[in-house]
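**Q** Got a file for you: target16.txt, compact mmCIF, C-alpha atoms and all ligand atoms.
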```txt
# COMPACT_ATOMS: atom_id res chain seq x y z
CA MET H 54 2.11 3.22 -45.73
CA SER H 55 0.67 4.13 -42.34
CA THR H 56 -3.00 5.06 -42.14
CA VAL H 57 -4.27 8.17 -40.38
CA ASP H 58 -7.56 8.08 -38.48
CA THR H 59 -9.58 11.30 -38.56
CA PHE H 60 -11.92 12.49 -35.79
CA ASP H 61 -14.00 15.55 -34.94
CA VAL H 62 -12.12 15.88 -31.64
CA ALA H 63 -9.02 14.31 -30.11
CA VAL H 64 -8.74 14.50 -26.33
CA ILE H 65 -5.16 14.13 -25.14
CA GLY H 66 -5.01 12.89 -21.56
CA ARG H 67 -7.38 10.28 -20.13
CA GLY H 68 -7.30 11.56 -16.56
CA LEU H 69 -10.16 13.12 -14.65
CA PHE H 70 -10.62 16.19 -16.85
CA GLY H 71 -9.91 14.45 -20.16
CA SER H 72 -12.21 11.49 -19.53
CA ALA H 73 -15.03 13.87 -18.59
CA ALA H 74 -14.48 16.07 -21.66
CA ALA H 75 -14.36 13.01 -23.94
CA ARG H 76 -17.60 11.63 -22.50
CA HIS H 77 -19.48 14.92 -22.88
CA LEU H 78 -18.23 15.32 -26.46
CA ALA H 79 -19.02 11.75 -27.45
CA GLU H 80 -22.51 12.05 -25.99
CA ALA H 81 -22.96 15.32 -27.90
CA GLY H 82 -22.46 13.34 -31.12
CA CYS H 83 -18.80 14.12 -31.93
CA SER H 84 -16.48 11.42 -33.21
CA ILE H 85 -13.86 11.19 -30.48
CA VAL H 86 -10.48 9.69 -29.88
CA ALA H 87 -9.12 9.91 -26.33
CA ILE H 88 -5.38 9.30 -26.17
CA GLY H 89 -3.56 8.62 -22.91
CA PRO H 90 -1.65 5.95 -21.03
CA THR H 91 -3.90 3.55 -19.14
CA ALA H 92 -1.22 2.91 -16.51
CA PRO H 93 1.21 5.46 -15.04
CA GLY H 94 4.91 5.42 -15.92
CA GLY H 95 5.53 3.02 -18.75
CA ASP H 96 8.26 3.52 -21.33
CA ALA H 97 7.21 7.13 -21.94
CA GLY H 98 7.51 7.95 -18.21
CA ILE H 99 4.21 9.86 -18.02
CA TYR H 100 2.41 9.72 -14.67
CA SER H 101 -0.78 11.40 -13.40
CA SER H 102 -2.40 13.21 -10.48
CA HIS H 103 -5.29 10.77 -10.12
CA ASP H 104 -3.40 7.49 -9.67
CA ASP H 105 -4.80 6.91 -6.21
CA GLU H 106 -7.79 5.28 -4.55
CA ALA H 107 -9.66 8.28 -3.11
CA ARG H 108 -10.30 11.98 -3.56
CA LEU H 109 -12.26 14.07 -1.09
CA THR H 110 -15.41 15.69 -2.38
CA ARG H 111 -17.97 18.15 -1.05
CA ARG H 112 -20.59 20.39 -2.54
CA LEU H 113 -19.57 23.51 -0.58
CA ASP H 114 -16.62 25.33 -2.06
CA ARG H 115 -14.49 28.34 -1.42
CA ASP H 116 -15.41 30.67 -4.24
CA GLU H 117 -18.72 31.63 -5.78
CA ARG H 118 -17.30 31.18 -9.30
CA TRP H 119 -15.99 27.73 -8.41
CA ALA H 120 -18.88 26.44 -6.31
CA PRO H 121 -21.47 25.99 -9.11
CA PHE H 122 -19.07 23.74 -11.04
CA THR H 123 -18.42 21.53 -8.05
CA ALA H 124 -22.10 21.38 -7.18
CA ARG H 125 -23.02 20.41 -10.74
CA ALA H 126 -20.38 17.67 -10.77
CA VAL H 127 -21.40 16.28 -7.36
CA ASP H 128 -25.05 16.26 -8.44
CA ALA H 129 -24.10 14.17 -11.49
CA TYR H 130 -22.20 11.40 -9.62
CA ARG H 131 -25.18 9.11 -9.10
CA SER H 132 -26.33 9.33 -12.69
CA ILE H 133 -22.82 8.55 -13.99
CA GLU H 134 -22.69 5.58 -11.62
CA GLU H 135 -26.09 4.30 -12.66
CA ARG H 136 -25.56 4.74 -16.39
CA SER H 137 -22.07 3.20 -16.39
CA GLY H 138 -22.70 0.50 -13.80
CA ILE H 139 -19.49 1.56 -11.97
CA GLY H 140 -19.71 2.84 -8.39
CA PHE H 141 -17.15 5.47 -7.33
CA TYR H 142 -18.85 7.74 -4.77
CA ARG H 143 -19.29 7.39 -0.99
CA PRO H 144 -21.07 10.32 0.70
CA VAL H 145 -19.70 9.71 4.21
CA GLY H 146 -19.46 13.43 5.09
CA ALA H 147 -16.40 15.57 5.85
CA LEU H 148 -15.12 16.47 9.30
CA PHE H 149 -13.16 19.71 9.63
CA ALA H 150 -10.84 20.35 12.57
CA SER H 151 -8.99 23.60 12.90
CA ARG H 152 -7.60 25.99 15.46
CA PRO H 153 -10.06 28.92 15.35
CA GLU H 154 -7.36 31.41 14.26
CA LEU H 155 -6.63 29.30 11.14
CA ASP H 156 -10.25 29.07 10.05
CA GLY H 157 -10.86 28.93 6.31
CA LYS H 158 -7.61 27.28 5.29
CA HIS H 159 -9.40 24.30 3.84
CA GLY H 160 -11.59 26.24 1.46
CA VAL H 161 -14.71 25.95 3.59
CA SER H 162 -14.88 28.32 6.50
CA MET H 163 -15.57 26.76 9.88
CA ALA H 164 -17.56 29.89 10.67
CA PHE H 165 -19.65 29.21 7.57
CA LEU H 166 -20.33 25.65 8.71
CA ARG H 167 -21.15 26.86 12.21
CA ASP H 168 -23.48 29.63 11.05
CA HIS H 169 -25.13 27.94 8.05
CA GLY H 170 -24.95 24.29 8.96
CA GLN H 171 -26.95 22.51 11.61
CA PRO H 172 -25.87 23.55 15.15
CA GLU H 173 -25.55 19.89 16.15
CA ASN H 174 -22.77 19.57 13.56
CA TYR H 175 -20.46 22.14 15.20
CA TRP H 176 -18.31 21.63 18.33
CA SER H 177 -16.24 24.47 19.84
CA PRO H 178 -12.70 23.86 21.20
CA GLY H 179 -12.79 21.51 24.18
CA ASP H 180 -16.20 20.07 23.27
CA VAL H 181 -15.66 16.47 22.18
CA GLY H 182 -19.34 15.83 21.50
CA TRP H 183 -18.44 14.49 18.05
CA LYS H 184 -16.82 11.50 19.81
CA GLN H 185 -20.26 9.97 20.29
CA TRP H 186 -20.35 9.39 16.51
CA TRP H 187 -16.68 8.73 15.75
CA PRO H 188 -15.09 7.51 19.01
CA ARG H 189 -11.88 6.17 17.50
CA ILE H 190 -10.68 9.40 15.92
CA ASP H 191 -8.93 12.12 17.91
CA PHE H 192 -8.26 15.86 17.52
CA PRO H 193 -6.49 18.27 19.92
CA THR H 194 -8.90 20.02 22.29
CA THR H 195 -7.58 23.36 20.98
CA HIS H 196 -9.44 22.69 17.72
CA GLU H 197 -13.01 23.45 16.76
CA VAL H 198 -14.67 20.66 14.82
CA ALA H 199 -17.50 20.80 12.28
CA LEU H 200 -19.21 18.27 10.05
CA ASP H 201 -20.14 18.96 6.46
CA PRO H 202 -22.56 16.05 6.01
CA ALA H 203 -23.41 14.14 2.80
CA PRO H 204 -23.14 14.82 -0.10
CA ALA H 205 -19.57 15.46 1.15
CA GLY H 206 -17.49 12.30 1.17
CA TYR H 207 -15.04 10.76 -1.24
CA ILE H 208 -14.84 9.50 -4.80
CA ARG H 209 -12.57 6.81 -6.23
CA PRO H 210 -10.84 8.63 -9.10
CA LYS H 211 -9.80 5.63 -11.19
CA ARG H 212 -13.33 4.25 -11.02
CA LEU H 213 -14.77 7.65 -12.01
CA ILE H 214 -12.50 7.62 -15.07
CA ALA H 215 -13.54 4.03 -15.86
CA ALA H 216 -17.20 5.08 -15.59
CA GLN H 217 -16.69 8.08 -17.89
CA GLU H 218 -14.91 5.85 -20.40
CA VAL H 219 -17.65 3.21 -20.43
CA LEU H 220 -20.05 5.98 -21.39
CA THR H 221 -17.62 7.45 -23.95
CA GLN H 222 -17.26 4.10 -25.66
CA ARG H 223 -20.99 3.49 -25.52
CA ALA H 224 -21.44 6.78 -27.41
CA GLY H 225 -18.98 5.63 -30.08
CA GLY H 226 -15.78 7.20 -28.70
CA GLN H 227 -12.45 5.45 -29.19
CA LEU H 228 -9.85 5.03 -26.41
CA VAL H 229 -6.15 4.73 -27.21
CA ASP H 230 -3.53 3.56 -24.71
CA ASP H 231 -0.62 5.74 -25.84
CA VAL H 232 1.14 9.04 -25.18
CA ALA H 233 0.90 12.01 -27.54
CA THR H 234 4.37 13.26 -28.38
CA THR H 235 3.68 16.00 -30.95
CA LEU H 236 0.74 18.13 -32.02
CA LYS H 237 0.97 20.01 -35.32
CA PRO H 238 -1.51 22.18 -37.24
CA ARG H 239 -2.58 20.64 -40.55
CA THR H 240 -2.63 22.58 -43.78
CA GLY H 241 -6.28 23.34 -44.37
CA GLY H 242 -7.26 23.22 -40.70
CA GLY H 243 -7.30 20.89 -37.76
CA TYR H 244 -4.40 19.13 -36.10
CA GLN H 245 -2.26 16.05 -36.42
CA ILE H 246 -1.12 14.13 -33.36
CA GLU H 247 1.79 11.72 -33.29
CA THR H 248 2.22 9.26 -30.48
CA PHE H 249 5.00 7.54 -28.62
CA GLY H 250 3.75 4.24 -30.03
CA GLY H 251 4.16 5.49 -33.59
CA SER H 252 0.51 6.19 -34.50
CA THR H 253 -0.94 9.31 -36.10
CA TYR H 254 -4.38 10.82 -35.55
CA ASP H 255 -6.03 13.76 -37.30
CA ALA H 256 -8.71 15.84 -35.62
CA GLU H 257 -10.59 19.02 -36.39
CA GLN H 258 -10.22 20.14 -32.75
CA VAL H 259 -8.09 19.03 -29.83
CA VAL H 260 -8.57 19.15 -26.07
CA VAL H 261 -5.29 18.92 -24.17
CA ALA H 262 -6.01 17.59 -20.65
CA THR H 263 -2.60 16.34 -19.66
CA GLY H 264 -2.58 17.64 -16.09
CA ALA H 265 0.84 18.18 -14.56
CA PHE H 266 2.43 17.09 -17.87
CA VAL H 267 0.82 19.84 -19.94
CA ASN H 268 4.18 21.43 -20.70
CA ALA H 269 6.06 18.16 -21.13
CA LEU H 270 6.76 16.74 -24.60
CA ASP H 271 5.99 18.70 -27.76
CA VAL H 272 2.24 18.97 -27.46
CA MET H 273 1.38 22.59 -26.66
CA PRO H 274 2.42 25.28 -29.16
CA ARG H 275 3.63 27.42 -26.25
CA PRO H 276 3.93 26.81 -22.49
CA VAL H 277 0.76 26.91 -20.41
CA ASN H 278 1.08 29.09 -17.31
CA THR H 279 1.09 26.31 -14.72
CA THR H 280 3.53 25.11 -12.11
CA VAL H 281 3.87 21.66 -10.62
CA LYS H 282 4.28 20.69 -6.96
CA THR H 283 5.23 17.38 -5.43
CA GLU H 284 2.88 15.98 -2.80
CA ILE H 285 2.97 12.94 -0.60
CA ILE H 286 0.49 10.53 0.91
CA ILE H 287 0.89 7.94 3.65
CA LEU H 288 -1.06 4.69 3.59
CA GLY H 289 -1.67 3.10 6.97
CA GLU H 290 -2.77 -0.52 6.58
CA VAL H 291 -5.45 -1.68 9.02
CA SER H 292 -7.05 -5.05 9.70
CA GLN H 293 -10.16 -6.04 7.80
CA ALA H 294 -12.15 -5.80 11.05
CA ASP H 295 -11.03 -2.20 11.58
CA ALA H 296 -11.68 -1.42 7.94
CA VAL H 297 -15.29 -2.60 8.30
CA GLU H 298 -15.79 -0.75 11.60
CA LEU H 299 -14.31 2.53 10.34
CA SER H 300 -15.59 2.44 6.76
CA ASN H 301 -18.40 4.91 7.40
CA TYR H 302 -16.24 7.43 9.23
CA PRO H 303 -16.19 10.80 7.48
CA THR H 304 -13.27 12.17 5.52
CA VAL H 305 -11.13 14.56 7.56
CA LEU H 306 -9.57 17.95 6.82
CA HIS H 307 -7.36 18.90 9.70
CA GLN H 308 -5.17 21.92 10.35
CA ILE H 309 -2.57 19.95 12.24
CA ASP H 310 0.08 21.50 14.48
CA PRO H 311 3.40 19.64 13.99
CA ASP H 312 6.23 21.48 12.22
CA GLY H 313 6.81 20.48 8.63
CA ILE H 314 3.16 19.74 7.77
CA ASP H 315 0.85 22.43 6.57
CA ASP H 316 -2.51 20.69 6.65
CA ILE H 317 -3.79 17.19 6.15
CA TYR H 318 -6.70 15.41 4.54
CA MET H 319 -7.68 11.82 5.16
CA THR H 320 -10.10 9.13 4.07
CA PRO H 321 -11.51 6.26 6.12
CA PRO H 322 -10.09 2.81 5.30
CA LEU H 323 -10.71 1.46 1.83
CA GLN H 324 -9.38 -1.47 -0.11
CA PHE H 325 -6.36 -0.88 -2.36
CA PRO H 326 -5.59 -2.83 -5.54
CA ASP H 327 -3.13 -5.07 -3.67
CA GLY H 328 -6.01 -6.19 -1.40
CA ARG H 329 -4.84 -4.27 1.67
CA TYR H 330 -7.19 -1.98 3.62
CA CYS H 331 -5.59 1.41 4.21
CA ILE H 332 -6.37 4.76 5.75
CA LYS H 333 -4.99 7.38 3.39
CA LEU H 334 -3.59 10.64 4.73
CA GLY H 335 -2.15 13.34 2.51
CA ALA H 336 -0.41 16.55 3.43
CA ASN H 337 1.29 19.63 2.15
CA SER H 338 4.73 19.69 3.73
CA THR H 339 7.81 21.87 3.85
CA PHE H 340 9.61 19.11 1.91
CA ASP H 341 7.43 19.69 -1.17
CA THR H 342 9.32 20.85 -4.27
CA TRP H 343 8.36 22.56 -7.53
CA PRO H 344 10.00 20.55 -10.34
CA THR H 345 10.27 22.30 -13.70
CA GLU H 346 11.66 19.55 -15.94
CA LEU H 347 10.04 16.27 -16.97
CA ALA H 348 13.12 14.39 -15.81
CA GLU H 349 12.72 15.85 -12.29
CA ILE H 350 9.07 14.75 -12.14
CA GLN H 351 10.03 11.27 -13.32
CA ARG H 352 12.77 11.07 -10.67
CA TRP H 353 10.23 12.04 -8.01
CA PHE H 354 7.78 9.32 -9.06
CA ARG H 355 10.52 6.71 -9.18
CA SER H 356 12.03 7.64 -5.80
CA ASN H 357 11.63 5.90 -2.45
CA THR H 358 9.92 8.57 -0.36
CA ASP H 359 9.69 6.51 2.85
CA PRO H 360 12.99 7.63 4.48
CA ASP H 361 12.12 11.36 4.28
CA TYR H 362 8.37 11.28 4.72
CA LEU H 363 7.51 8.38 7.03
CA PRO H 364 9.05 10.15 10.08
CA LEU H 365 7.01 13.27 9.21
CA LEU H 366 3.62 11.69 8.48
CA GLN H 367 3.53 8.64 10.73
CA PRO H 368 3.11 10.65 13.98
CA ALA H 369 0.30 12.66 12.39
CA LEU H 370 -1.55 9.52 11.34
CA LYS H 371 -1.10 7.86 14.70
CA SER H 372 -2.19 10.97 16.62
CA LEU H 373 -5.50 10.88 14.74
CA TRP H 374 -6.13 7.17 15.39
CA PRO H 375 -4.63 6.55 18.85
CA ASP H 376 -6.04 3.02 19.31
CA VAL H 377 -5.82 1.74 15.74
CA GLU H 378 -3.07 -0.80 15.08
CA PHE H 379 -1.30 -0.12 11.78
CA LEU H 380 -0.10 -3.34 10.14
CA SER H 381 2.17 -1.49 7.72
CA LEU H 382 2.96 2.07 6.71
CA ARG H 383 4.21 3.33 3.37
CA THR H 384 4.34 6.61 1.49
CA LYS H 385 3.60 7.35 -2.15
CA PRO H 386 4.80 10.25 -4.32
CA CYS H 387 2.15 12.34 -6.09
CA ILE H 388 2.02 15.53 -8.12
CA VAL H 389 -0.33 18.51 -8.42
CA SER H 390 -0.41 21.27 -11.04
CA TYR H 391 -1.19 24.88 -10.09
CA THR H 392 -2.37 27.85 -12.12
CA PRO H 393 -1.47 31.36 -10.90
CA ASP H 394 -5.03 32.05 -9.62
CA ARG H 395 -5.52 28.45 -8.44
CA PHE H 396 -8.54 28.00 -10.70
CA PRO H 397 -8.87 25.29 -13.31
CA LEU H 398 -7.73 26.55 -16.70
CA ILE H 399 -10.30 25.77 -19.40
CA GLU H 400 -9.52 27.90 -22.39
CA ALA H 401 -9.04 28.00 -26.17
CA VAL H 402 -5.35 28.78 -26.63
CA GLU H 403 -6.02 29.12 -30.36
CA SER H 404 -8.88 28.25 -32.65
CA GLY H 405 -9.62 24.53 -32.27
CA LEU H 406 -7.11 23.91 -29.47
CA ILE H 407 -8.53 23.84 -25.95
CA VAL H 408 -6.51 23.31 -22.80
CA ALA H 409 -8.19 21.88 -19.69
CA VAL H 410 -6.05 21.48 -16.58
CA ALA H 411 -7.00 21.47 -12.92
CA GLY H 412 -4.75 24.18 -11.54
CA ASN H 413 -4.96 23.22 -7.88
CA GLY H 414 -5.08 20.24 -5.57
CA GLN H 415 -8.87 20.04 -5.63
CA GLY H 416 -9.80 19.37 -9.22
CA ALA H 417 -11.04 15.80 -8.87
CA LYS H 418 -14.38 16.45 -7.25
CA GLY H 419 -15.61 18.85 -9.93
CA SER H 420 -13.88 17.17 -12.86
CA ASP H 421 -17.10 16.16 -14.61
CA ALA H 422 -18.21 19.80 -14.76
CA TRP H 423 -14.77 21.08 -15.81
CA GLY H 424 -14.69 18.47 -18.57
CA ALA H 425 -18.17 19.58 -19.62
CA ALA H 426 -16.92 23.19 -19.77
CA ALA H 427 -14.08 22.13 -22.09
CA ALA H 428 -16.63 20.29 -24.25
CA GLU H 429 -18.79 23.41 -24.42
CA LEU H 430 -15.82 25.38 -25.75
CA VAL H 431 -15.23 22.75 -28.43
CA LEU H 432 -18.90 22.87 -29.38
CA GLY H 433 -18.71 26.67 -29.58
CA ARG H 434 -21.30 27.23 -26.88
C1 LIG F 1 -2.10 13.52 -3.52
C2 LIG F 1 -3.24 14.25 -4.18
C3 LIG F 1 -4.42 14.40 -3.48
C4 LIG F 1 -5.50 15.06 -4.06
N1 LIG F 1 -6.65 15.16 -3.36
C5 LIG F 1 -7.73 15.70 -3.96
C6 LIG F 1 -8.96 15.71 -3.28
O1 LIG F 1 -9.06 15.20 -2.15
N2 LIG F 1 -10.04 16.23 -3.90
C7 LIG F 1 -9.95 16.76 -5.16
O2 LIG F 1 -10.97 17.23 -5.67
N3 LIG F 1 -8.78 16.77 -5.83
C8 LIG F 1 -7.68 16.25 -5.26
N4 LIG F 1 -6.49 16.22 -5.93
C9 LIG F 1 -6.39 16.86 -7.25
C10 LIG F 1 -6.87 16.00 -8.39
O3 LIG F 1 -6.38 14.69 -8.32
C11 LIG F 1 -6.43 16.69 -9.67
O4 LIG F 1 -6.97 18.01 -9.67
C12 LIG F 1 -6.93 15.94 -10.89
O5 LIG F 1 -6.38 14.65 -10.96
C13 LIG F 1 -6.56 16.73 -12.12
O6 LIG F 1 -7.12 16.10 -13.24
P1 LIG F 1 -6.42 16.25 -14.64
O7 LIG F 1 -7.24 15.51 -15.60
O8 LIG F 1 -6.11 17.69 -14.89
O9 LIG F 1 -4.99 15.54 -14.43
P2 LIG F 1 -4.71 13.98 -14.30
O10 LIG F 1 -5.77 13.34 -13.50
O11 LIG F 1 -3.31 13.84 -13.87
O12 LIG F 1 -4.84 13.46 -15.79
C14 LIG F 1 -3.93 13.84 -16.79
C15 LIG F 1 -3.72 12.63 -17.67
O13 LIG F 1 -3.00 13.01 -18.82
C16 LIG F 1 -2.09 11.98 -19.14
N5 LIG F 1 -1.04 12.54 -19.99
C17 LIG F 1 -0.06 13.38 -19.63
N6 LIG F 1 0.70 13.71 -20.69
C18 LIG F 1 0.16 13.04 -21.74
C19 LIG F 1 0.48 12.97 -23.13
N7 LIG F 1 1.51 13.66 -23.64
N8 LIG F 1 -0.27 12.19 -23.93
C20 LIG F 1 -1.32 11.51 -23.43
N9 LIG F 1 -1.68 11.53 -22.13
C21 LIG F 1 -0.95 12.31 -21.30
C22 LIG F 1 -1.62 11.47 -17.80
O14 LIG F 1 -1.10 10.17 -17.90
C23 LIG F 1 -2.91 11.53 -16.99
O15 LIG F 1 -3.62 10.31 -17.09
C24 LIG F 1 -5.38 15.59 -5.36
C25 LIG F 1 -4.18 15.44 -6.07
C26 LIG F 1 -3.13 14.77 -5.48
C27 LIG F 1 -1.86 14.60 -6.25
```
Would you mind writing the structure in this file as structure tokens?
**A**
Amino acid sequence: MSTVDTFDVAVIGRGLFGSAAARHLAEAGCSIVAIGPTAPGGDAGIYSSHDDEARLTRRLDRDERWAPFTARAVDAYRSIEERSGIGFYRPVGALFASRPELDGKHGVSMAFLRDHGQPENYWSPGDVGWKQWWPRIDFPTTHEVALDPAPAGYIRPKRLIAAQEVLTQRAGGQLVDDVATTLKPRTGGGYQIETFGGSTYDAEQVVVATGAFVNALDVMPRPVNTTVKTEIIILGEVSQADAVELSNYPTVLHQIDPDGIDDIYMTPPLQFPDGRYCIKLGANSTFDTWPTELAEIQRWFRSNTDPDYLPLLQPALKSLWPDVEFLSLRTKPCIVSYTPDRFPLIEAVESGLIVAVAGNGQGAKGSDAWGAAAAELVLGR
């Protein structure tokens, strides 16, 4: 006879939102099980949006409802690092470059930076004064450039999750490396979760934080109003000497001109799990698709994206770093989920069942606060 473990709360999805929700709940005294695959893919074919080495972060944000969440999350980074012993945050600043007529596309208005920031951090088109700080990067002279200084920078998403999970476990939470396949209400209240690996868990309440996979498998009682978009990144490998020299360069958000690419974001070089040092550049492109079936998403993650995307992204990367020698170039498929209003969706879909998904391509930086919001709903606050 199989045994069933019972918890106050089960969190399904151990990504950025789920790991934050689980940590806040465990530290609030709830008995917690967090269920999710530790590695992407696997036999269940479930991937994630955070399986990458860097996510841009900044305290400024585009909407007054959104900004307090991001600010709260950014303010908590150092304490999560210190308490967990895992570093994930580098406040190197963020450099914005945009043609003036496209101002605001990146969520922070250049005009805002110019008017509210320090004047020495803004350069009008043609003024390459910023080159004195970052001589090896290049932007077209048609672009205005502005710096959003620290606390803007980048976080390492897998390390942030690891840090949240150290704290969850320290508070008594249990982590399970598995995929939830079904979620059913129990007679008498609460829910029962069955997993791909054949286990069963009972919980009084459930937080579903399964990102772009929220409507995959038989977990939600009805579809959540989200769509899913493919995205692509290019990794340009640099020498260790260049990696050291460029490591304190700011992140970049650039409204680039070439056809086929909408806008780009980039991190300075950092070390990847295979030991290589890479500059990471991501972009929205006209090749992006909106898959609706799990099988389509799985095909995307398993595909070789180099033939289509290298010709598109390589010139963009090289134009930004004209004198950097790239030792290798490769692309990597990624996925983002979107809500209709582009806000994270943190809501009780029925009593005891909370959904927490990012809803845009910028959920990483504020994930600790969005996870906390999901925890508050569970706790009835
Ligand atoms: C290329 C790219 C670049 C980005 N850049 C930035 C950036 O610079 N700054 C920023 O703030 N944000 C950025 N984002 C967005 C950010 O990564 C997402 O908003 C964030 O990862 C969303 O967190 P999440 O927890 O909702 O989803 P995820 O991080 O994807 O976590 C969901 C988890 O649920 C798991 N899961 C799915 N189904 C199940 C199931 N049935 N059972 C158990 N587990 C399940 C998945 O395996 C995954 O681990 C970027 C995203 C992409 C793709």
**Q** Under the rule that all atoms listed in the file are counted, which of H:Gln185, H:Thr279, H:Gln171, H:Ser137 is the nearest residue to Ala224 (chain H)?
**A**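 Answer, going by the shortest atom-to-atom distance: H:Ser137.
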**Q** Measuring between only C-alpha atoms, which one of H:Gly68, H:Pro238, H:Pro172, H:Gly250 shows the shortest distance to Val272 (chain H)?
**A** H:Pro238
**Q** Residues contacting ligand LIG 1 (chain F) - anything with an atom at most 6 Å away, using only C-alpha atoms and all ligand atoms - can you give me those as a PyMOL selection string?
**A** chain H and resi 65-71+88-90+93+99-103+108-110+232-234+262-264+266+284-286+387-389+410-411+413-418
**Q** Between CA of Leu382 (chain H) and CA of Arg209 (chain H), measure the distance and give it in Å to one decimal.
**A**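 Taking CA of Leu382 (chain H) and CA of Arg209 (chain H), their separation equals 20.8 Å.
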**Q** Find the residues around Leu236 (chain H) up to 8 Å (all atoms listed in the file counted), leave out those fewer than 5 positions away in its own chain, and share them as a ChimeraX atom specification.
**A** /H:244-247,271-274
**Q** Return the single residue from H:Ser420, H:Thr221, H:Thr345, H:Ser372 that is closest to Ile309 (chain H), with distances computed using all atoms listed in the file.
**A** H:Ser372
**Q** Name the closest residue to Thr384 (chain H) among the candidates H:Leu288, H:Ala427, H:Ile314, H:Ala74; distances are taken between atoms, counting all atoms listed in the file.
**A**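 Using all atoms listed in the file, the shortest distance to Thr384 (chain H) belongs to H:Leu288.
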**Q** CA of Gln308 (chain H) to CA of Ile350 (chain H): how many Å, to one decimal?
**A**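 Atom-to-atom, CA of Gln308 (chain H) to CA of Ile350 (chain H), that is 27.6 Å.
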**Q** Could you check which of H:Val408, H:Val64, H:Leu220, H:Ala147 is closest to Gly206 (chain H), using all atoms listed in the file?
**A**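 When distances to Gly206 (chain H) are compared using all atoms listed in the file, the smallest one comes from H:Ala147.
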**Q** Which one is closest to Trp374 (chain H): H:Gly140, H:Pro321, H:Gly94, H:Pro386? Count all atoms listed in the file.
**A**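 Ranked by minimum distance to Trp374 (chain H), first place goes to H:Pro321.
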**Q** Box for region 275-286 of chain H: with edges along x, y and z, all listed atoms inside and 5 Å added on each side, what are the centre and edge lengths in Å to one decimal, as lines of an AutoDock Vina configuration file?
**A**
```
center_x = 2.9
center_y = 19.8
center_z = -12.7
size_x = 14.7
size_y = 28.6
size_z = 37.2
```
**Q** What gap, in Å, lies between CA of Ala73 (chain H) and CA of Leu432 (chain H)?
**A**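 For CA of Ala73 (chain H) relative to CA of Leu432 (chain H), the distance reads 14.6 Å.
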**Q** Can you list, as a VMD selection string, every protein, DNA or RNA residue that comes within 7 Å of region 322-326 of chain H when you count all atoms listed in the file, leaving out same-chain residues fewer than 4 positions away?
**A** chain H and resid 106 296 299 to 300 330 to 332
**Q** Would you write out those residues with C-alpha atoms, as a tab-separated table (two decimals), in the frame of the given file?
**A**
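Just written: again-v7.tsv:
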```tsv
chain	number	residue	atom	x	y	z
H	106	GLU	CA	-7.79	5.28	-4.55
H	296	ALA	CA	-11.68	-1.42	7.94
H	299	LEU	CA	-14.31	2.53	10.34
H	300	SER	CA	-15.59	2.44	6.76
H	330	TYR	CA	-7.19	-1.98	3.62
H	331	CYS	CA	-5.59	1.41	4.21
H	332	ILE	CA	-6.37	4.76	5.75
```
